[in-house]
file query05.cif (mmCIF, C-alpha atoms)
data_run
loop_
_atom_site.label_atom_id
_atom_site.label_comp_id
_atom_site.auth_asym_id
_atom_site.auth_seq_id
_atom_site.Cartn_x
_atom_site.Cartn_y
_atom_site.Cartn_z
CA MET D 42 59.84 10.29 155.01
CA HIS D 43 57.10 12.14 153.38
CA SER D 44 57.84 14.88 150.85
CA ARG D 45 55.98 18.16 150.77
CA PRO D 46 53.74 18.67 147.87
CA GLU D 47 55.14 20.83 144.99
CA PRO D 48 52.55 23.63 145.38
CA PHE D 49 54.01 24.39 148.74
CA TRP D 50 57.40 25.40 147.31
CA HIS D 51 55.77 27.49 144.66
CA ASP D 52 53.74 29.44 147.17
CA ARG D 53 56.78 30.01 149.36
CA PHE D 54 58.82 31.41 146.46
CA VAL D 55 56.07 33.84 145.49
CA SER D 56 55.82 35.01 149.14
CA LEU D 57 59.55 35.77 149.24
CA ILE D 58 59.37 37.82 146.09
CA PHE D 59 56.42 39.81 147.43
CA VAL D 60 58.25 40.54 150.69
CA ALA D 61 61.31 41.78 148.80
CA LEU D 62 59.27 44.12 146.63
CA THR D 63 57.42 45.47 149.66
CA VAL D 64 60.66 46.24 151.50
CA GLY D 65 62.09 47.99 148.47
CA MET D 66 59.07 50.21 148.03
CA MET D 67 59.20 51.20 151.71
CA LEU D 68 62.83 52.19 151.44
CA CYS D 69 62.13 54.42 148.40
CA ALA D 70 59.27 56.10 150.23
CA LEU D 71 61.46 56.86 153.22
CA ARG D 72 64.19 58.58 150.99
CA PRO D 73 63.43 62.39 150.73
CA ALA D 74 62.87 63.83 147.25
CA MET D 75 65.52 66.29 145.94
CA ALA D 76 64.14 69.81 145.58
CA LEU D 77 65.06 72.07 142.66
CA SER D 78 67.20 74.10 145.02
CA ASP D 79 69.19 70.98 145.82
CA ILE D 80 70.23 70.54 142.19
CA PRO D 81 73.84 71.71 141.91
CA GLN D 82 74.12 74.89 139.85
CA LEU D 83 76.97 75.46 137.36
CA PRO D 84 79.18 78.38 138.43
CA ALA D 85 78.73 81.61 136.46
CA PRO D 86 81.55 82.23 133.96
CA GLN D 87 84.23 84.50 135.44
CA GLN D 88 85.22 87.57 133.34
CA ASP D 89 88.85 87.93 132.49
CA PRO D 90 90.11 90.88 134.59
CA ALA D 91 92.42 91.87 131.73
CA VAL D 92 89.41 92.51 129.52
CA THR D 93 87.57 95.71 130.25
CA GLU D 94 84.30 96.79 128.85
CA THR D 95 84.36 99.50 126.22
CA PRO D 96 82.76 102.61 127.69
CA GLU D 97 79.92 104.19 125.85
CA PRO D 98 80.95 107.26 123.83
CA ASP D 99 80.23 110.59 125.43
CA GLU D 100 77.72 112.89 123.90
CA GLY D 101 80.18 115.79 124.03
CA PRO D 102 82.42 117.00 121.15
CA ASP D 103 84.73 114.44 119.61
CA GLU D 104 88.32 114.62 120.70
CA MET D 105 91.07 113.03 118.66
CA PRO D 106 93.59 111.12 120.77
CA ASP D 107 97.16 112.26 120.64
CA SER D 108 98.79 109.56 118.55
CA GLY D 109 102.14 111.29 118.31
CA LEU D 110 101.90 111.45 114.51
CA ILE D 111 102.59 114.64 112.62
CA GLY D 112 99.61 115.95 110.70
CA ILE D 113 99.57 117.52 107.24
CA PRO D 114 102.07 120.40 107.30
CA ASP D 115 101.16 123.94 106.51
CA PRO D 116 101.83 124.38 102.80
CA ASP D 117 103.50 127.76 103.32
CA PRO D 118 106.92 126.37 104.30
CA LEU D 119 106.83 124.14 101.23
CA ILE D 120 106.12 127.03 98.89
CA ARG D 121 108.08 129.88 100.36
CA ARG D 122 111.82 129.83 99.96
CA PRO D 123 114.35 131.36 102.36
CA ALA D 124 115.35 134.91 101.53
CA GLU D 125 118.87 133.81 100.62
CA ASP D 126 117.49 131.45 97.96
CA LEU D 127 115.29 134.03 96.25
CA PRO D 128 116.31 135.06 92.75
CA LEU D 129 118.13 138.31 92.26
CA GLY D 130 115.74 141.07 91.27
CA ASN D 131 112.06 141.49 92.01
CA ALA D 132 111.44 138.86 94.68
CA ALA D 133 114.83 139.41 96.32
CA THR D 134 114.59 143.19 96.48
CA ASP D 135 114.76 144.60 99.98
CA PRO D 136 111.56 146.63 100.48
CA ASN D 137 113.59 149.15 102.43
CA GLU D 138 115.94 149.76 99.52
CA PRO D 139 115.03 152.02 96.62
CA PRO D 140 114.38 150.28 93.29
CA PRO D 141 117.31 150.16 90.86
CA GLU D 142 117.73 153.07 88.52
CA VAL D 143 116.13 152.44 85.15
CA ILE D 144 118.45 153.77 82.45
CA TYR D 145 117.30 154.84 79.01
CA ASP D 146 120.27 157.01 78.17
CA LEU D 147 122.69 154.66 76.43
CA SER D 148 125.53 157.13 76.96
CA LYS D 149 125.51 156.08 80.64
CA ALA D 150 126.67 152.60 79.62
CA PRO D 151 130.32 151.91 78.71
CA GLU D 152 131.16 152.07 75.02
CA PRO D 153 131.82 148.27 74.77
CA VAL D 154 128.33 147.66 76.14
CA ARG D 155 126.75 150.03 73.64
CA ARG D 156 128.70 148.41 70.79
CA MET D 157 127.61 144.86 71.72
CA ARG D 158 124.00 146.00 71.94
CA GLU D 159 124.16 147.46 68.44
CA LEU D 160 125.72 144.29 67.02
CA MET D 161 123.06 142.12 68.64
CA ILE D 162 120.21 144.22 67.21
CA GLU D 163 121.83 144.24 63.77
CA ALA D 164 122.25 140.44 63.78
CA ALA D 165 118.71 139.84 65.03
CA ALA D 166 117.19 142.19 62.46
CA SER D 167 118.89 140.22 59.65
CA GLY D 168 116.71 137.18 60.33
CA ASP D 169 119.79 134.92 60.30
CA ILE D 170 120.33 133.48 63.78
CA GLU D 171 123.79 132.25 62.82
CA ARG D 172 124.99 135.85 62.89
CA LEU D 173 124.71 135.71 66.68
CA ARG D 174 127.31 132.97 66.95
CA MET D 175 130.39 135.22 66.91
CA LEU D 176 128.77 137.51 69.47
CA MET D 177 128.40 134.71 72.01
CA ASN D 178 132.07 134.75 73.01
CA PRO D 179 133.04 131.19 71.99
CA GLY D 180 135.34 129.58 74.52
CA PRO D 181 135.37 129.02 78.29
CA ASN D 182 133.43 132.24 78.93
CA GLN D 183 130.78 131.53 76.31
CA THR D 184 127.38 133.17 76.72
CA LYS D 185 125.18 131.24 79.13
CA ILE D 186 122.01 130.17 77.35
CA LEU D 187 118.90 128.74 78.97
CA LEU D 188 118.79 124.93 78.65
CA GLU D 189 122.39 124.95 77.46
CA THR D 190 124.71 122.13 78.48
CA SER D 191 128.40 121.64 77.77
CA ASP D 192 127.72 119.59 74.64
CA VAL D 193 124.98 121.79 73.14
CA ASP D 194 125.76 124.32 70.45
CA PRO D 195 124.68 127.80 71.69
CA VAL D 196 122.90 128.67 68.43
CA ALA D 197 121.10 125.31 68.54
CA ALA D 198 120.08 126.14 72.11
CA LEU D 199 118.59 129.45 70.93
CA LYS D 200 116.63 127.66 68.22
CA GLU D 201 115.34 125.23 70.82
CA LEU D 202 113.96 128.15 72.81
CA SER D 203 112.21 129.58 69.76
CA GLY D 204 108.67 128.78 68.71
CA ASP D 205 109.87 128.13 65.15
CA GLU D 206 112.62 125.95 63.72
CA GLU D 207 114.70 128.83 62.34
CA GLY D 208 114.80 130.82 65.59
CA ILE D 209 113.04 133.88 64.18
CA GLU D 210 110.93 134.29 67.30
CA ILE D 211 114.02 134.50 69.50
CA LEU D 212 115.49 137.17 67.21
CA ALA D 213 112.31 139.23 67.59
CA ILE D 214 112.42 138.83 71.36
CA LEU D 215 116.03 140.01 71.44
CA ILE D 216 115.11 143.20 69.59
CA ASP D 217 112.12 143.86 71.86
CA ILE D 218 114.18 143.35 75.01
CA LEU D 219 117.04 145.57 73.84
CA SER D 220 114.52 148.33 73.01
CA THR D 221 113.59 148.81 76.68
CA GLY D 222 115.44 150.53 79.46
CA PHE D 223 118.19 148.68 81.36
CA VAL D 224 119.74 148.53 84.82
CA ARG D 225 123.23 148.11 86.19
CA ILE D 226 123.68 145.29 88.70
CA ASP D 227 126.52 144.20 91.02
CA ALA D 228 128.47 147.36 90.33
CA GLY D 229 132.18 147.13 91.13
CA THR D 230 132.18 143.31 91.38
CA PRO D 231 133.25 140.56 88.94
CA ASP D 232 129.54 139.94 88.29
CA GLU D 233 128.80 143.50 87.21
CA ALA D 234 126.50 143.60 84.20
CA TYR D 235 124.04 145.78 82.32
CA VAL D 236 120.74 143.93 82.15
CA TRP D 237 117.84 144.21 79.70
CA PRO D 238 114.95 144.55 80.31
CA TYR D 239 114.91 146.40 83.61
CA PHE D 240 111.78 144.45 84.66
CA ALA D 241 114.17 141.65 85.64
CA GLU D 242 115.41 143.84 88.51
CA LYS D 243 112.53 146.17 89.33
CA PRO D 244 109.54 144.94 91.37
CA LEU D 245 106.45 144.72 89.19
CA ALA D 246 104.39 146.42 91.89
CA LEU D 247 106.50 149.56 91.45
CA LEU D 248 106.04 149.87 87.68
CA THR D 249 104.57 153.15 86.49
CA PRO D 250 101.75 153.15 83.89
CA PRO D 251 104.21 153.89 81.02
CA GLU D 252 106.46 151.08 82.25
CA LYS D 253 103.50 148.68 82.29
CA VAL D 254 102.84 149.57 78.65
CA GLU D 255 106.47 148.82 77.90
CA LEU D 256 106.19 145.45 79.64
CA LEU D 257 103.11 144.54 77.59
CA ARG D 258 105.11 145.14 74.43
CA ILE D 259 107.16 142.08 75.42
CA VAL D 260 104.63 139.77 77.07
CA THR D 261 100.86 139.31 77.10
CA ALA D 262 98.43 140.47 79.78
CA GLY D 263 98.04 136.85 80.87
CA ASP D 264 101.80 136.60 81.32
CA VAL D 265 101.79 139.75 83.42
CA ALA D 266 99.02 138.39 85.65
CA GLU D 267 101.04 135.23 86.24
CA MET D 268 104.17 137.23 86.98
CA GLN D 269 102.28 139.36 89.49
CA GLU D 270 101.06 136.22 91.20
CA LEU D 271 104.60 134.90 91.43
CA GLY D 272 105.91 138.30 92.40
CA ASN D 273 108.54 138.81 89.74
CA TYR D 274 109.34 139.02 86.05
CA ASN D 275 110.17 135.58 84.66
CA PHE D 276 110.54 136.13 80.90
CA PHE D 277 113.77 136.46 78.93
CA ARG D 278 116.55 138.76 80.05
CA LEU D 279 120.15 139.27 78.89
CA GLY D 280 123.28 140.74 80.37
CA ILE D 281 126.37 142.41 78.96
CA SER D 282 129.54 142.84 81.00
CA PRO D 283 131.25 146.28 81.21
CA ASP D 284 133.93 145.07 78.77
CA GLY D 285 131.28 144.23 76.15
CA GLN D 286 130.89 140.48 76.55
CA TRP D 287 127.45 138.94 76.16
CA LYS D 288 127.24 137.17 79.52
CA PHE D 289 123.85 135.46 79.51
CA PHE D 290 120.48 135.04 77.88
CA THR D 291 118.09 133.29 80.24
CA ALA D 292 114.52 133.15 81.43
CA GLY D 293 112.70 132.25 84.61
CA ASP D 294 113.04 133.57 88.13
#

call {"tool": "encode", "arguments": {"input": "query05.cif", "output": "structure tokens"}}
result
Amino acid sequence: MHSRPEPFWHDRFVSLIFVALTVGMMLCALRPAMALSDIPQLPAPQQDPAVTETPEPDEGPDEMPDSGLIGIPDPDPLIRRPAEDLPLGNAATDPNEPPPEVIYDLSKAPEPVRRMRELMIEAAASGDIERLRMLMNPGPNQTKILLETSDVDPVAALKELSGDEEGIEILAILIDILSTGFVRIDAGTPDEAYVWPYFAEKPLALLTPPEKVELLRIVTAGDVAEMQELGNYNFFRLGISPDGQWKFFTAGD
């Protein structure tokens, strides 16, 4: 048996490889190319229906939404007090009622009232504030003094009100106040009293020119301007009961 020469097998192997490559190239040529339109597109992101776009602001006037909150209150209710809480006297005077009678004639006051007034002036003129102690009705019905508490000595309270340590200023104020006219308040009641000065009960707007001069003997023009702004006299005043007891010595509204 004769064998085929080796070059024969080599040529046959090369021919097979060539045929395989040729067939492969033909198959690739027959397959259609994918167009750009055939490339799958990613779906557009879907907007959450719960999220809405913020509308553009209108060009018209701004309008504040109703939040249900209470705004800054009108200051008037915070400043004005109910009529029943107003102090007795100027601010509480009914405009339809005539002003209280201003009394200069001491004979119209009961004798005990006149006597207490004289004793108070005499003690104040001495320059010794201790002389007022026995006039202040020591005991449960002791004279009511501004800033006084149950454990404060009444004379010490007077000194505390004074611009000096010895209480001389308060003594001078007492004399000035008792030199003016007076008024009778709460007549026929347990609170009846004769009050000095009458400015404590008469509206400042109704003062006559001579009465304004009398007021300026007690306070300064700046004090008067402040009182007019507040609507009432707010300096010292004192009261004596019909039976001659020194009831109070206070200041303020």

call {"tool": "closest_residue", "arguments": {"input": "query05.cif", "among": "D:Lys253, D:Arg172, D:Arg158, D:Lys149", "to": "D:Gln269", "atoms": "all atoms listed in the file"}}
result
D:Lys253

call {"tool": "axis_aligned_box", "arguments": {"input": "query05.cif", "around": "stretch 236-239 of chain D", "padding_each_side": "6 Å", "output": "lines of an AutoDock Vina configuration file"}}
result
center_x = 117.8
center_y = 145.2
center_z = 81.7
size_x = 17.8
size_y = 14.5
size_z = 15.9

call {"tool": "atom_distance", "arguments": {"input": "query05.cif", "atom1": "atom CA of D:Tyr274", "atom2": "atom CA of D:Pro153"}}
result
26.8 Å

call {"tool": "atom_distance", "arguments": {"input": "query05.cif", "atom1": "atom CA of D:Ile281", "atom2": "atom CA of D:Pro140"}}
result
20.3 Å

call {"tool": "atom_distance", "arguments": {"input": "query05.cif", "atom1": "atom CA of D:Ala228", "atom2": "atom CA of D:Ile216"}}
result
25.0 Å

call {"tool": "residues_around", "arguments": {"input": "query05.cif", "residues": "stretch 175-181 of chain D", "least_positions_apart": "6", "cutoff": "10 Å", "atoms": "only C-alpha atoms", "output": "JSON, numbers by chain"}}
result
{"D": [157, 160, 161, 164, 195, 196, 285, 286, 287, 288, 289, 290]}

call {"tool": "resolve_selection", "arguments": {"input": "query05.cif", "expression": "the PyMOL selection byres ((chain D and resi 256) around 12)", "output": "VMD selection string"}}
result
chain D and resid 217 to 218 220 to 222 237 to 241 243 245 248 to 255 257 to 266 268 274 to 277

call {"tool": "resolve_selection", "arguments": {"input": "query05.cif", "expression": "the PyMOL selection byres ((chain D and resi 236) around 6)", "output": "PyMOL selection string"}}
result
chain D and resi 223-224+235+237+279-280

call {"tool": "write_last_selection", "arguments": {"input": "query05.cif", "atoms": "C-alpha atoms", "output": "CSV table (one decimal), in the coordinates of the input"}}
result
chain,number,residue,atom,x,y,z
D,223,PHE,CA,118.2,148.7,81.4
D,224,VAL,CA,119.7,148.5,84.8
D,235,TYR,CA,124.0,145.8,82.3
D,237,TRP,CA,117.8,144.2,79.7
D,279,LEU,CA,120.2,139.3,78.9
D,280,GLY,CA,123.3,140.7,80.4

call {"tool": "closest_residue", "arguments": {"input": "query05.cif", "among": "D:Lys185, D:Arg225, D:Arg174, D:Arg278", "to": "D:Glu142", "atoms": "only C-alpha atoms"}}
result
D:Arg225
